[in-house]
$ cat my_file_32.txt   # compact mmCIF, C-alpha atoms
# COMPACT_ATOMS: atom_id res chain seq x y z
CA MET A 130 -17.36 6.69 -24.00
CA SER A 131 -17.40 3.47 -22.01
CA LEU A 132 -13.73 4.11 -21.21
CA TRP A 133 -14.67 7.30 -19.36
CA LEU A 134 -17.48 5.44 -17.65
CA VAL A 135 -14.93 2.91 -16.35
CA ILE A 136 -12.63 5.68 -15.12
CA LEU A 137 -15.37 7.63 -13.37
CA LEU A 138 -17.13 4.67 -11.77
CA THR A 139 -13.98 2.88 -10.61
CA GLY A 140 -12.77 6.21 -9.22
CA LEU A 141 -16.03 6.82 -7.42
CA LEU A 142 -16.17 3.29 -5.98
CA THR A 143 -12.56 3.43 -4.83
CA PHE A 144 -13.06 6.82 -3.23
CA GLY A 145 -16.20 5.48 -1.53
CA THR A 146 -14.24 2.52 -0.19
CA ARG A 147 -11.52 4.79 1.17
CA LEU A 148 -14.08 7.10 2.73
CA SER A 149 -16.38 4.36 4.09
CA PHE A 150 -15.36 3.96 7.71
CA ILE A 151 -14.00 7.47 8.04
CA LEU A 152 -17.61 8.64 7.68
CA LEU A 153 -19.35 5.60 9.21
CA ILE A 154 -17.52 5.81 12.53
CA GLU A 155 -19.50 8.97 13.31
CA ARG A 156 -22.90 7.57 12.43
CA LEU A 157 -22.77 4.00 13.64
CA ARG A 158 -22.08 2.90 17.17
CA LEU A 159 -19.47 0.34 16.21
CA PRO A 160 -19.15 -2.47 18.76
CA GLY A 161 -16.21 -2.54 21.14
CA TRP A 162 -14.61 -5.64 19.66
CA PHE A 163 -14.65 -3.94 16.27
CA GLN A 164 -12.89 -0.86 17.54
CA HIS A 165 -10.43 -3.11 19.31
CA SER A 166 -9.65 -5.10 16.18
CA LEU A 167 -8.49 -1.92 14.42
CA ARG A 168 -5.20 -2.17 16.25
CA TYR A 169 -4.22 -5.25 14.27
CA ILE A 170 -5.12 -3.91 10.83
CA PRO A 171 -1.79 -2.29 9.92
CA LEU A 172 0.28 -5.26 11.07
CA ALA A 173 -1.96 -7.79 9.38
CA VAL A 174 -2.46 -6.04 6.04
CA LEU A 175 1.13 -4.94 5.60
CA SER A 176 2.44 -8.39 6.60
CA ALA A 177 0.08 -9.98 4.09
CA ILE A 178 1.58 -7.73 1.42
CA ILE A 179 5.25 -8.15 2.38
CA LEU A 180 5.90 -11.90 2.42
CA PRO A 181 4.03 -12.85 -0.79
CA GLU A 182 5.78 -9.98 -2.58
CA LEU A 183 9.24 -11.11 -1.44
CA ALA A 184 8.83 -14.86 -1.62
CA SER A 185 7.36 -15.13 -5.10
CA ARG A 186 8.18 -14.51 -8.71
CA ASN A 187 5.31 -14.24 -11.20
CA SER A 188 2.81 -15.36 -8.56
CA VAL A 189 4.69 -18.60 -7.82
CA VAL A 190 6.43 -19.15 -4.50
CA ASP A 191 10.19 -19.22 -5.06
CA LEU A 192 12.61 -19.42 -2.14
CA SER A 193 15.56 -20.50 -4.28
CA LEU A 194 18.67 -18.44 -4.89
CA ARG A 195 17.14 -17.30 -8.16
CA ASN A 196 14.92 -15.09 -6.03
CA PRO A 197 17.42 -12.98 -4.07
CA GLN A 198 14.63 -10.59 -3.02
CA PHE A 199 13.64 -13.08 -0.38
CA TYR A 200 17.10 -13.14 1.19
CA ALA A 201 17.66 -9.39 0.93
CA GLY A 202 14.23 -8.99 2.54
CA ALA A 203 15.17 -11.33 5.39
CA LEU A 204 18.29 -9.25 6.00
CA ALA A 205 16.14 -6.10 6.01
CA VAL A 206 13.88 -7.63 8.66
CA LEU A 207 16.96 -8.17 10.82
CA VAL A 208 18.14 -4.59 10.32
CA ALA A 209 14.68 -3.19 11.06
CA TRP A 210 14.43 -5.28 14.21
CA ARG A 211 17.86 -4.28 15.55
CA THR A 212 17.95 -0.61 14.55
CA ARG A 213 14.29 0.49 14.10
CA ASN A 214 15.65 2.82 11.45
CA VAL A 215 13.50 3.14 8.31
CA LEU A 216 16.09 4.67 6.02
CA LEU A 217 18.84 2.27 7.08
CA THR A 218 16.53 -0.69 6.51
CA ILE A 219 15.75 0.46 2.98
CA ILE A 220 19.39 1.21 2.16
CA VAL A 221 20.68 -2.12 3.48
CA GLY A 222 17.85 -3.99 1.75
CA MET A 223 18.44 -2.35 -1.64
CA ALA A 224 22.22 -2.60 -1.41
CA SER A 225 22.12 -6.28 -0.46
CA LEU A 226 19.67 -7.08 -3.25
CA LEU A 227 21.83 -5.35 -5.86
CA LEU A 228 24.85 -7.17 -4.44
CA PHE A 229 23.10 -10.56 -4.47
CA GLN A 230 21.96 -9.94 -8.03
CA ALA A 231 25.47 -9.03 -9.12
CA VAL A 232 27.01 -12.05 -7.40
CA LEU A 233 24.42 -14.40 -8.86
CA GLY A 234 24.84 -12.83 -12.28
CA ILE A 235 21.15 -12.23 -12.69
CA ILE A 236 21.42 -8.69 -13.96
CA MET B 257 1.40 27.20 12.27
CA THR B 258 4.93 25.93 12.83
CA ILE B 259 3.68 22.65 14.28
CA ARG B 260 1.47 22.13 11.25
CA LYS B 261 4.34 22.88 8.92
CA GLU B 262 6.64 20.60 10.86
CA GLU B 263 4.16 17.72 10.73
CA PHE B 264 3.56 18.32 7.03
CA TRP B 265 7.23 18.19 6.14
CA LYS B 266 7.83 15.17 8.35
CA GLY B 267 5.13 13.42 6.34
CA VAL B 268 6.75 14.45 3.06
CA LEU B 269 10.10 13.14 4.26
CA ALA B 270 8.70 9.85 5.52
CA GLU B 271 7.01 9.23 2.18
CA ALA B 272 10.06 10.15 0.08
CA PRO B 273 11.95 6.80 0.13
CA ILE B 274 8.86 4.95 -1.13
CA LEU B 275 8.91 7.05 -4.30
CA LEU B 276 11.89 5.00 -5.50
CA GLY B 277 9.47 2.12 -5.84
CA VAL B 278 6.43 4.11 -6.91
CA ALA B 279 7.95 6.13 -9.76
CA PRO B 280 8.96 3.11 -11.92
CA PHE B 281 5.43 1.73 -11.50
CA GLY B 282 4.02 5.07 -12.62
CA LEU B 283 6.22 5.01 -15.74
CA LEU B 284 5.14 1.45 -16.43
CA TYR B 285 1.48 2.31 -16.02
CA GLY B 286 1.77 5.26 -18.38
CA ALA B 287 3.44 3.18 -21.06
CA LEU B 288 0.96 0.29 -20.70
CA ALA B 289 -2.02 2.65 -20.78
CA MET B 290 -0.82 4.08 -24.10
CA ASP B 291 -0.24 0.56 -25.46
CA ALA B 292 -3.80 -0.35 -24.48
CA GLY B 293 -5.05 2.60 -26.50
CA LEU B 294 -6.45 4.79 -23.72
CA GLY B 295 -5.07 7.97 -25.23
CA MET B 296 -3.33 10.71 -23.27
CA PRO B 297 -6.26 12.46 -21.53
CA ALA B 298 -7.93 9.25 -20.34
CA ALA B 299 -4.66 7.64 -19.26
CA GLN B 300 -3.75 10.61 -17.09
CA ALA B 301 -7.33 11.10 -15.87
CA MET B 302 -7.32 7.54 -14.56
CA SER B 303 -4.23 8.38 -12.48
CA SER B 304 -5.97 11.31 -10.83
CA ILE B 305 -9.52 9.93 -10.58
CA LEU B 306 -8.87 6.28 -9.69
CA PHE B 307 -5.44 6.99 -8.14
CA ALA B 308 -4.60 3.39 -7.23
CA GLY B 309 -1.48 1.84 -8.76
CA SER B 310 -2.14 -1.88 -8.92
CA ALA B 311 -5.83 -1.36 -9.78
CA GLN B 312 -4.84 0.94 -12.64
CA LEU B 313 -2.46 -1.65 -14.07
CA ILE B 314 -5.18 -4.29 -13.89
CA ALA B 315 -7.83 -1.98 -15.36
CA VAL B 316 -5.61 -1.06 -18.29
CA LYS B 317 -4.91 -4.73 -19.00
CA MET B 318 -8.64 -5.48 -18.98
CA ILE B 319 -9.50 -2.49 -21.17
CA GLY B 320 -6.85 -3.71 -23.61
CA THR B 321 -8.50 -7.12 -23.87
CA GLY B 322 -11.92 -5.56 -24.34
CA LEU B 323 -13.73 -6.95 -21.31
CA PRO B 324 -17.25 -5.67 -20.60
CA VAL B 325 -17.43 -2.42 -18.62
CA LEU B 326 -19.30 -3.96 -15.72
CA ALA B 327 -16.72 -6.72 -15.30
CA ILE B 328 -13.86 -4.21 -15.21
CA ILE B 329 -15.63 -2.04 -12.66
CA LEU B 330 -16.37 -5.02 -10.45
CA VAL B 331 -12.79 -6.32 -10.55
CA VAL B 332 -11.34 -2.90 -9.70
CA PHE B 333 -13.78 -2.58 -6.83
CA VAL B 334 -12.75 -5.95 -5.39
CA VAL B 335 -9.04 -5.28 -5.91
CA ASN B 336 -9.43 -2.03 -3.97
CA LEU B 337 -11.50 -3.46 -1.11
CA ARG B 338 -8.47 -3.50 1.19
CA HIS B 339 -8.85 0.28 1.38
CA ALA B 340 -11.91 -0.28 3.56
CA LEU B 341 -9.55 -1.78 6.13
CA TYR B 342 -7.30 1.26 5.87
CA SER B 343 -10.35 3.46 6.26
CA ALA B 344 -11.46 1.64 9.42
CA SER B 345 -7.96 1.76 10.84
CA ILE B 346 -7.47 5.47 10.20
CA ALA B 347 -11.04 6.52 11.10
CA PRO B 348 -10.62 7.02 14.88
CA HIS B 349 -7.62 9.28 14.25
CA VAL B 350 -9.39 11.65 11.85
CA ARG B 351 -12.71 11.63 13.66
CA HIS B 352 -12.34 15.18 14.97
CA LEU B 353 -11.66 16.70 11.55
CA SER B 354 -14.03 18.67 9.34
CA PRO B 355 -15.79 16.91 6.43
CA ALA B 356 -13.54 18.70 3.96
CA TRP B 357 -10.45 17.24 5.63
CA LYS B 358 -12.04 13.79 5.74
CA PHE B 359 -12.84 13.84 2.03
CA LEU B 360 -9.39 15.09 1.13
CA LEU B 361 -7.56 12.55 3.29
CA ALA B 362 -9.81 9.71 2.07
CA TYR B 363 -8.87 10.61 -1.50
CA LEU B 364 -5.19 10.40 -0.53
CA LEU B 365 -5.56 7.09 1.36
CA THR B 366 -3.30 4.81 -0.72
CA ASP B 367 -1.28 1.80 0.49
CA GLU B 368 1.86 3.88 0.63
CA ALA B 369 0.40 6.89 2.42
CA TYR B 370 -1.50 4.67 4.83
CA ALA B 371 1.54 2.61 5.85
CA VAL B 372 3.57 5.69 6.74
CA THR B 373 0.74 7.62 8.35
CA ILE B 374 -0.72 4.89 10.56
CA THR B 375 2.79 4.25 11.90
CA HIS B 376 2.99 7.92 12.85
CA TYR B 377 -0.45 7.86 14.45
CA GLN B 378 0.60 4.90 16.59
CA HIS B 379 3.55 6.73 18.09
CA ALA B 380 2.93 7.57 21.70
CA ASP B 381 2.93 11.38 21.47
CA ASN B 382 -0.54 12.90 21.18
CA SER B 383 0.08 15.70 18.76
CA SER B 384 -3.30 16.79 17.44
CA TRP B 385 -1.77 17.95 14.16
CA LYS B 386 -0.96 14.55 12.73
CA HIS B 387 -3.43 15.03 9.90
CA TRP B 388 -0.90 17.47 8.48
CA TYR B 389 1.62 14.61 8.43
CA PHE B 390 -1.00 12.52 6.59
CA LEU B 391 -1.50 15.38 4.13
CA GLY B 392 2.25 15.72 3.58
CA ALA B 393 2.71 11.99 2.95
CA GLY B 394 -0.44 11.75 0.82
CA LEU B 395 0.31 14.76 -1.38
CA THR B 396 3.90 13.63 -1.89
CA LEU B 397 2.73 10.28 -3.18
CA TRP B 398 0.00 11.94 -5.24
CA ALA B 399 2.42 14.33 -6.94
CA ALA B 400 4.95 11.57 -7.64
CA TRP B 401 2.24 9.31 -9.09
CA GLN B 402 0.82 12.04 -11.35
CA ALA B 403 4.29 13.07 -12.54
CA SER B 404 5.60 9.55 -13.15
CA THR B 405 2.49 8.37 -15.01
CA ALA B 406 2.62 11.54 -17.12
CA ILE B 407 6.23 10.80 -18.04
CA GLY B 408 5.27 7.20 -18.84
CA ILE B 409 2.46 8.46 -21.07
CA PHE B 410 4.40 11.13 -22.93
CA ILE B 411 7.88 9.62 -23.09
CA GLY B 412 7.41 5.93 -22.32
CA ALA B 413 9.00 3.76 -19.67
CA ARG B 414 12.73 3.28 -19.67
CA ILE B 415 13.45 1.39 -16.52
CA PRO B 416 17.02 0.18 -16.18
CA PRO B 417 17.20 -3.63 -16.55
CA GLY B 418 17.80 -5.31 -13.21
CA TRP B 419 16.09 -2.50 -11.32
CA PRO B 420 14.16 -4.29 -8.57
CA LEU B 421 10.77 -2.87 -9.49
CA GLY B 422 8.69 -4.54 -6.81
CA PHE B 423 11.20 -4.45 -3.98
CA VAL B 424 11.11 -0.93 -2.51
CA LEU B 425 7.52 -1.14 -1.34
CA PRO B 426 7.78 -4.37 0.70
CA LEU B 427 11.11 -3.14 2.00
CA THR B 428 9.56 0.06 3.30
CA PHE B 429 6.69 -1.89 4.81
CA ILE B 430 9.25 -4.10 6.62
CA ALA B 431 10.87 -0.99 8.05
CA LEU B 432 7.46 0.16 9.33
CA VAL B 433 6.02 -3.16 10.53
CA VAL B 434 8.95 -4.81 12.29
CA PRO B 435 9.51 -2.07 14.90
CA ALA B 436 5.75 -2.17 15.64
CA LEU B 437 5.91 -5.85 16.65
CA LYS B 438 5.93 -5.46 20.40
CA ASP B 439 3.72 -8.09 22.02
CA ARG B 440 2.86 -11.72 21.39
CA ALA B 441 -0.57 -10.99 19.91
CA GLY B 442 0.91 -8.58 17.37
CA ILE B 443 3.74 -10.92 16.41
CA LEU B 444 1.40 -13.87 15.91
CA ALA B 445 -1.04 -11.70 13.94
CA SER B 446 1.82 -10.73 11.64
CA VAL B 447 3.11 -14.31 11.25
CA VAL B 448 -0.33 -15.71 10.44
CA ALA B 449 -1.10 -12.90 7.97
CA SER B 450 2.29 -13.40 6.25
CA LEU B 451 1.91 -17.17 5.88
CA ALA B 452 -1.73 -16.95 4.84
CA GLY B 453 -0.74 -14.35 2.26
CA LEU B 454 1.87 -16.71 0.89
CA LEU B 455 -0.53 -19.68 0.77
CA THR B 456 -3.22 -17.67 -1.03
CA ILE B 457 -0.85 -16.16 -3.55
CA GLY B 458 -2.74 -17.66 -6.48
CA PHE B 459 -6.08 -16.16 -5.51
CA PRO B 460 -7.44 -13.66 -8.05
CA PHE B 461 -8.19 -9.95 -7.51
CA ARG B 462 -6.04 -9.69 -4.37
CA LEU B 463 -8.65 -11.67 -2.46
CA GLY B 464 -5.83 -13.67 -0.85
CA LEU B 465 -4.54 -10.45 0.70
CA LEU B 466 -7.94 -9.68 2.21
CA LEU B 467 -8.36 -13.19 3.59
CA ALA B 468 -4.83 -13.19 5.02
CA ALA B 469 -5.39 -9.80 6.66
CA PHE B 470 -8.62 -11.00 8.27
CA LEU B 471 -6.94 -14.16 9.58
CA GLY B 472 -4.13 -12.04 11.01
CA ILE B 473 -6.54 -9.65 12.74
CA LEU B 474 -8.52 -12.59 14.12
CA THR B 475 -5.34 -14.21 15.43
CA GLY B 476 -4.30 -11.03 17.19
CA MET B 477 -7.67 -10.71 18.90
CA LEU B 478 -7.84 -14.38 19.90
CA VAL B 479 -4.37 -14.35 21.41
CA GLU B 480 -5.08 -11.13 23.24
CA GLY B 481 -8.47 -12.38 24.49
CA ARG B 482 -6.91 -15.52 25.88
CA ARG B 483 -4.46 -13.67 28.06
CA LYS B 484 -7.17 -11.69 29.80
$ encode --input "my_file_32.txt" --output "structure tokens"
Amino acid sequence: MSLWLVILLTGLLTFGTRLSFILLIERLRLPGWFQHSLRYIPLAVLSAIILPELASRNSVVDLSLRNPQFYAGALAVLVAWRTRNVLLTIIVGMASLLLFQAVLGII
Amino acid sequence: MTIRKEEFWKGVLAEAPILLGVAPFGLLYGALAMDAGLGMPAAQAMSSILFAGSAQLIAVKMIGTGLPVLAIILVVFVVNLRHALYSASIAPHVRHLSPAWKFLLAYLLTDEAYAVTITHYQHADNSSWKHWYFLGAGLTLWAAWQASTAIGIFIGARIPPGWPLGFVLPLTFIALVVPALKDRAGILASVVASLAGLLTIGFPFRLGLLLAAFLGILTGMLVEGRRK
């Protein structure tokens, strides 16, 4: 029973979080600086997800060759910057990671 | 009608590459949920009611160790707080929509759908049908998540060894973020958020991510304010 309580309440809270500002923006007069800060949300949140994900293994920072994700990721940044092509970035990133892994014999 | 359809399918297509990273996680969740003793209906219900990958993995782990209900609910809430940022960021773009649309799109507002959709909203063209793109991206992710967790639940997870489980998502985010780095304020916001994220990697419940995001946003605004 408590299992279903967890599922329902976590679901409700998460939905509420996702809905929060979508509804609030109508009702509250949000200050100008707040509306202005919205511009930086995608860059900031996604950046804060990317680097820790690439530069760590098991929640420990690892920039050594045993963590080829970091280097494949760096290459992907270069491809994204030069080409602005989403699919190409993903393909080059995946291919270089698989290649690095094979070369380093990690597989 | 054709514009709506076009936007919808563009959203589906933009979301598609991310599924390479999402599907293995869905399988993994399904298998772990069964190991933790949730049973089939509850395991799948969590995927459709909570519908949040990393929070589901954490919740299942906590249920398995028998933590009190209130503790689990609180942790999941904190882990999912970043969605409030997504909500704020997407809010001005969906302001004109009906409540039904708002509720539906809020339900579909995951990391993966948000990343793709906000990038589309920031493109210069002012199509007023971009919520159909959002719907396409959101439903694609939703369907893939439901299907992959179901397979994980019923069949179990057989992920090829060496498959870079956690790599597709950051890779896709790179492809979306890097082209959006256009001015100094944006670049510095991104650099600060990245480094802060790395430094706070040991923080529990993804609180490091929230802190890093706030520092990045603050940096962007400070740099921009200075130049005025």
$ interface_residues --input "my_file_32.txt" --of "chain B" --to "chain A" --cutoff "6 Å" --atoms "only C-alpha atoms" --output "PyMOL selection string"
chain B and resi 302+305-306+329+339-340+343-345+347+362-363+418+426-427+431+434-435+446+449-450+453-454+465+468-469+472-473
$ atom_distance --input "my_file_32.txt" --atom1 "CA of Leu364 in chain B" --atom2 "CA of Ala393 in chain B"
8.8 Å
$ closest_residue --input "my_file_32.txt" --among "B:Ala292, B:Leu451, B:Val331, B:Leu444" --to "Leu463 in chain B" --atoms "only C-alpha atoms"
B:Val331
$ atom_distance --input "my_file_32.txt" --atom1 "CA of Leu192 in chain A" --atom2 "CA of Leu466 in chain B"
23.2 Å
$ closest_residue --input "my_file_32.txt" --among "B:Val268, B:Lys386, B:Phe429, B:Leu323" --to "Val350 in chain B" --atoms "only C-alpha atoms"
B:Lys386
$ residues_around --input "my_file_32.txt" --residues "Glu263 in chain B" --least-positions-apart "4" --cutoff "12 Å" --atoms "all atoms listed in the file" --output "number ranges by chain"
B: 257-259, 267-270, 373, 376-377, 383-393
$ atom_distance --input "my_file_32.txt" --atom1 "CA of Phe470 in chain B" --atom2 "CA of Pro160 in chain A"
17.1 Å
$ build_atoms --input "my_file_32.txt" --residues "range 136-172 of chain A" --atoms "N, CA and C atoms" --output "PDB file, in the coordinates of the input"
ATOM      1  N   ILE A 136     -13.493   4.821 -15.946  1.00  0.00           N
ATOM      2  CA  ILE A 136     -12.630   5.680 -15.120  1.00  0.00           C
ATOM      3  C   ILE A 136     -13.433   6.346 -14.003  1.00  0.00           C
ATOM      4  N   LEU A 137     -14.584   6.903 -14.374  1.00  0.00           N
ATOM      5  CA  LEU A 137     -15.370   7.630 -13.370  1.00  0.00           C
ATOM      6  C   LEU A 137     -15.947   6.698 -12.307  1.00  0.00           C
ATOM      7  N   LEU A 138     -16.488   5.571 -12.743  1.00  0.00           N
ATOM      8  CA  LEU A 138     -17.130   4.670 -11.770  1.00  0.00           C
ATOM      9  C   LEU A 138     -16.113   3.965 -10.878  1.00  0.00           C
ATOM     10  N   THR A 139     -14.993   3.501 -11.461  1.00  0.00           N
ATOM     11  CA  THR A 139     -13.980   2.880 -10.610  1.00  0.00           C
ATOM     12  C   THR A 139     -13.416   3.907  -9.628  1.00  0.00           C
ATOM     13  N   GLY A 140     -13.260   5.142 -10.094  1.00  0.00           N
ATOM     14  CA  GLY A 140     -12.770   6.210  -9.220  1.00  0.00           C
ATOM     15  C   GLY A 140     -13.736   6.474  -8.073  1.00  0.00           C
ATOM     16  N   LEU A 141     -15.001   6.534  -8.419  1.00  0.00           N
ATOM     17  CA  LEU A 141     -16.030   6.820  -7.420  1.00  0.00           C
ATOM     18  C   LEU A 141     -16.111   5.688  -6.382  1.00  0.00           C
ATOM     19  N   LEU A 142     -16.087   4.445  -6.877  1.00  0.00           N
ATOM     20  CA  LEU A 142     -16.170   3.290  -5.980  1.00  0.00           C
ATOM     21  C   LEU A 142     -14.953   3.213  -5.061  1.00  0.00           C
ATOM     22  N   THR A 143     -13.783   3.491  -5.634  1.00  0.00           N
ATOM     23  CA  THR A 143     -12.560   3.430  -4.830  1.00  0.00           C
ATOM     24  C   THR A 143     -12.559   4.533  -3.773  1.00  0.00           C
ATOM     25  N   PHE A 144     -12.972   5.717  -4.185  1.00  0.00           N
ATOM     26  CA  PHE A 144     -13.060   6.820  -3.230  1.00  0.00           C
ATOM     27  C   PHE A 144     -14.059   6.478  -2.116  1.00  0.00           C
ATOM     28  N   GLY A 145     -15.192   5.891  -2.507  1.00  0.00           N
ATOM     29  CA  GLY A 145     -16.200   5.480  -1.530  1.00  0.00           C
ATOM     30  C   GLY A 145     -15.654   4.463  -0.538  1.00  0.00           C
ATOM     31  N   THR A 146     -14.855   3.524  -1.060  1.00  0.00           N
ATOM     32  CA  THR A 146     -14.240   2.520  -0.190  1.00  0.00           C
ATOM     33  C   THR A 146     -13.292   3.173   0.798  1.00  0.00           C
ATOM     34  N   ARG A 147     -12.495   4.108   0.309  1.00  0.00           N
ATOM     35  CA  ARG A 147     -11.520   4.790   1.170  1.00  0.00           C
ATOM     36  C   ARG A 147     -12.213   5.669   2.216  1.00  0.00           C
ATOM     37  N   LEU A 148     -13.365   6.180   1.836  1.00  0.00           N
ATOM     38  CA  LEU A 148     -14.080   7.100   2.730  1.00  0.00           C
ATOM     39  C   LEU A 148     -14.970   6.357   3.719  1.00  0.00           C
ATOM     40  N   SER A 149     -15.318   5.095   3.392  1.00  0.00           N
ATOM     41  CA  SER A 149     -16.380   4.360   4.090  1.00  0.00           C
ATOM     42  C   SER A 149     -16.357   4.516   5.612  1.00  0.00           C
ATOM     43  N   PHE A 150     -15.352   3.978   6.241  1.00  0.00           N
ATOM     44  CA  PHE A 150     -15.360   3.960   7.710  1.00  0.00           C
ATOM     45  C   PHE A 150     -15.025   5.312   8.315  1.00  0.00           C
ATOM     46  N   ILE A 151     -14.308   6.128   7.545  1.00  0.00           N
ATOM     47  CA  ILE A 151     -14.000   7.470   8.040  1.00  0.00           C
ATOM     48  C   ILE A 151     -15.303   8.226   8.313  1.00  0.00           C
ATOM     49  N   LEU A 152     -16.307   8.013   7.447  1.00  0.00           N
ATOM     50  CA  LEU A 152     -17.610   8.640   7.680  1.00  0.00           C
ATOM     51  C   LEU A 152     -18.488   7.817   8.623  1.00  0.00           C
ATOM     52  N   LEU A 153     -18.440   6.463   8.451  1.00  0.00           N
ATOM     53  CA  LEU A 153     -19.350   5.600   9.210  1.00  0.00           C
ATOM     54  C   LEU A 153     -19.115   5.659  10.713  1.00  0.00           C
ATOM     55  N   ILE A 154     -17.864   5.874  11.102  1.00  0.00           N
ATOM     56  CA  ILE A 154     -17.520   5.810  12.530  1.00  0.00           C
ATOM     57  C   ILE A 154     -18.307   6.854  13.320  1.00  0.00           C
ATOM     58  N   GLU A 155     -18.684   7.941  12.651  1.00  0.00           N
ATOM     59  CA  GLU A 155     -19.500   8.970  13.310  1.00  0.00           C
ATOM     60  C   GLU A 155     -20.927   8.481  13.533  1.00  0.00           C
ATOM     61  N   ARG A 156     -21.467   7.848  12.470  1.00  0.00           N
ATOM     62  CA  ARG A 156     -22.900   7.570  12.430  1.00  0.00           C
ATOM     63  C   ARG A 156     -23.290   6.288  13.147  1.00  0.00           C
ATOM     64  N   LEU A 157     -22.445   5.284  13.023  1.00  0.00           N
ATOM     65  CA  LEU A 157     -22.770   4.000  13.640  1.00  0.00           C
ATOM     66  C   LEU A 157     -22.099   3.903  14.996  1.00  0.00           C
ATOM     67  N   ARG A 158     -22.765   3.256  15.930  1.00  0.00           N
ATOM     68  CA  ARG A 158     -22.080   2.900  17.170  1.00  0.00           C
ATOM     69  C   ARG A 158     -21.415   1.565  16.905  1.00  0.00           C
ATOM     70  N   LEU A 159     -20.144   1.591  16.531  1.00  0.00           N
ATOM     71  CA  LEU A 159     -19.470   0.340  16.210  1.00  0.00           C
ATOM     72  C   LEU A 159     -19.137  -0.395  17.502  1.00  0.00           C
ATOM     73  N   PRO A 160     -19.364  -1.717  17.516  1.00  0.00           N
ATOM     74  CA  PRO A 160     -19.150  -2.470  18.760  1.00  0.00           C
ATOM     75  C   PRO A 160     -17.698  -2.416  19.238  1.00  0.00           C
ATOM     76  N   GLY A 161     -17.523  -2.640  20.531  1.00  0.00           N
ATOM     77  CA  GLY A 161     -16.210  -2.540  21.140  1.00  0.00           C
ATOM     78  C   GLY A 161     -15.174  -3.459  20.522  1.00  0.00           C
ATOM     79  N   TRP A 162     -15.579  -4.696  20.231  1.00  0.00           N
ATOM     80  CA  TRP A 162     -14.610  -5.640  19.660  1.00  0.00           C
ATOM     81  C   TRP A 162     -14.114  -5.149  18.310  1.00  0.00           C
ATOM     82  N   PHE A 163     -15.029  -4.446  17.580  1.00  0.00           N
ATOM     83  CA  PHE A 163     -14.650  -3.940  16.270  1.00  0.00           C
ATOM     84  C   PHE A 163     -13.581  -2.860  16.417  1.00  0.00           C
ATOM     85  N   GLN A 164     -13.854  -1.940  17.340  1.00  0.00           N
ATOM     86  CA  GLN A 164     -12.890  -0.860  17.540  1.00  0.00           C
ATOM     87  C   GLN A 164     -11.552  -1.423  18.030  1.00  0.00           C
ATOM     88  N   HIS A 165     -11.636  -2.510  18.781  1.00  0.00           N
ATOM     89  CA  HIS A 165     -10.430  -3.110  19.310  1.00  0.00           C
ATOM     90  C   HIS A 165      -9.607  -3.793  18.205  1.00  0.00           C
ATOM     91  N   SER A 166     -10.334  -4.361  17.236  1.00  0.00           N
ATOM     92  CA  SER A 166      -9.650  -5.100  16.180  1.00  0.00           C
ATOM     93  C   SER A 166      -8.834  -4.166  15.276  1.00  0.00           C
ATOM     94  N   LEU A 167      -9.162  -2.874  15.298  1.00  0.00           N
ATOM     95  CA  LEU A 167      -8.490  -1.920  14.420  1.00  0.00           C
ATOM     96  C   LEU A 167      -6.986  -1.899  14.650  1.00  0.00           C
ATOM     97  N   ARG A 168      -6.601  -2.166  15.869  1.00  0.00           N
ATOM     98  CA  ARG A 168      -5.200  -2.170  16.250  1.00  0.00           C
ATOM     99  C   ARG A 168      -4.365  -3.122  15.398  1.00  0.00           C
ATOM    100  N   TYR A 169      -4.987  -4.224  14.981  1.00  0.00           N
ATOM    101  CA  TYR A 169      -4.220  -5.250  14.270  1.00  0.00           C
ATOM    102  C   TYR A 169      -4.235  -5.063  12.759  1.00  0.00           C
ATOM    103  N   ILE A 170      -5.013  -4.077  12.284  1.00  0.00           N
ATOM    104  CA  ILE A 170      -5.120  -3.910  10.830  1.00  0.00           C
ATOM    105  C   ILE A 170      -3.771  -3.610  10.164  1.00  0.00           C
ATOM    106  N   PRO A 171      -3.030  -2.584  10.647  1.00  0.00           N
ATOM    107  CA  PRO A 171      -1.790  -2.290   9.920  1.00  0.00           C
ATOM    108  C   PRO A 171      -0.823  -3.473   9.896  1.00  0.00           C
ATOM    109  N   LEU A 172      -0.623  -4.108  11.028  1.00  0.00           N
ATOM    110  CA  LEU A 172       0.280  -5.260  11.070  1.00  0.00           C
ATOM    111  C   LEU A 172      -0.162  -6.341  10.110  1.00  0.00           C
TER     112      LEU A 172
END
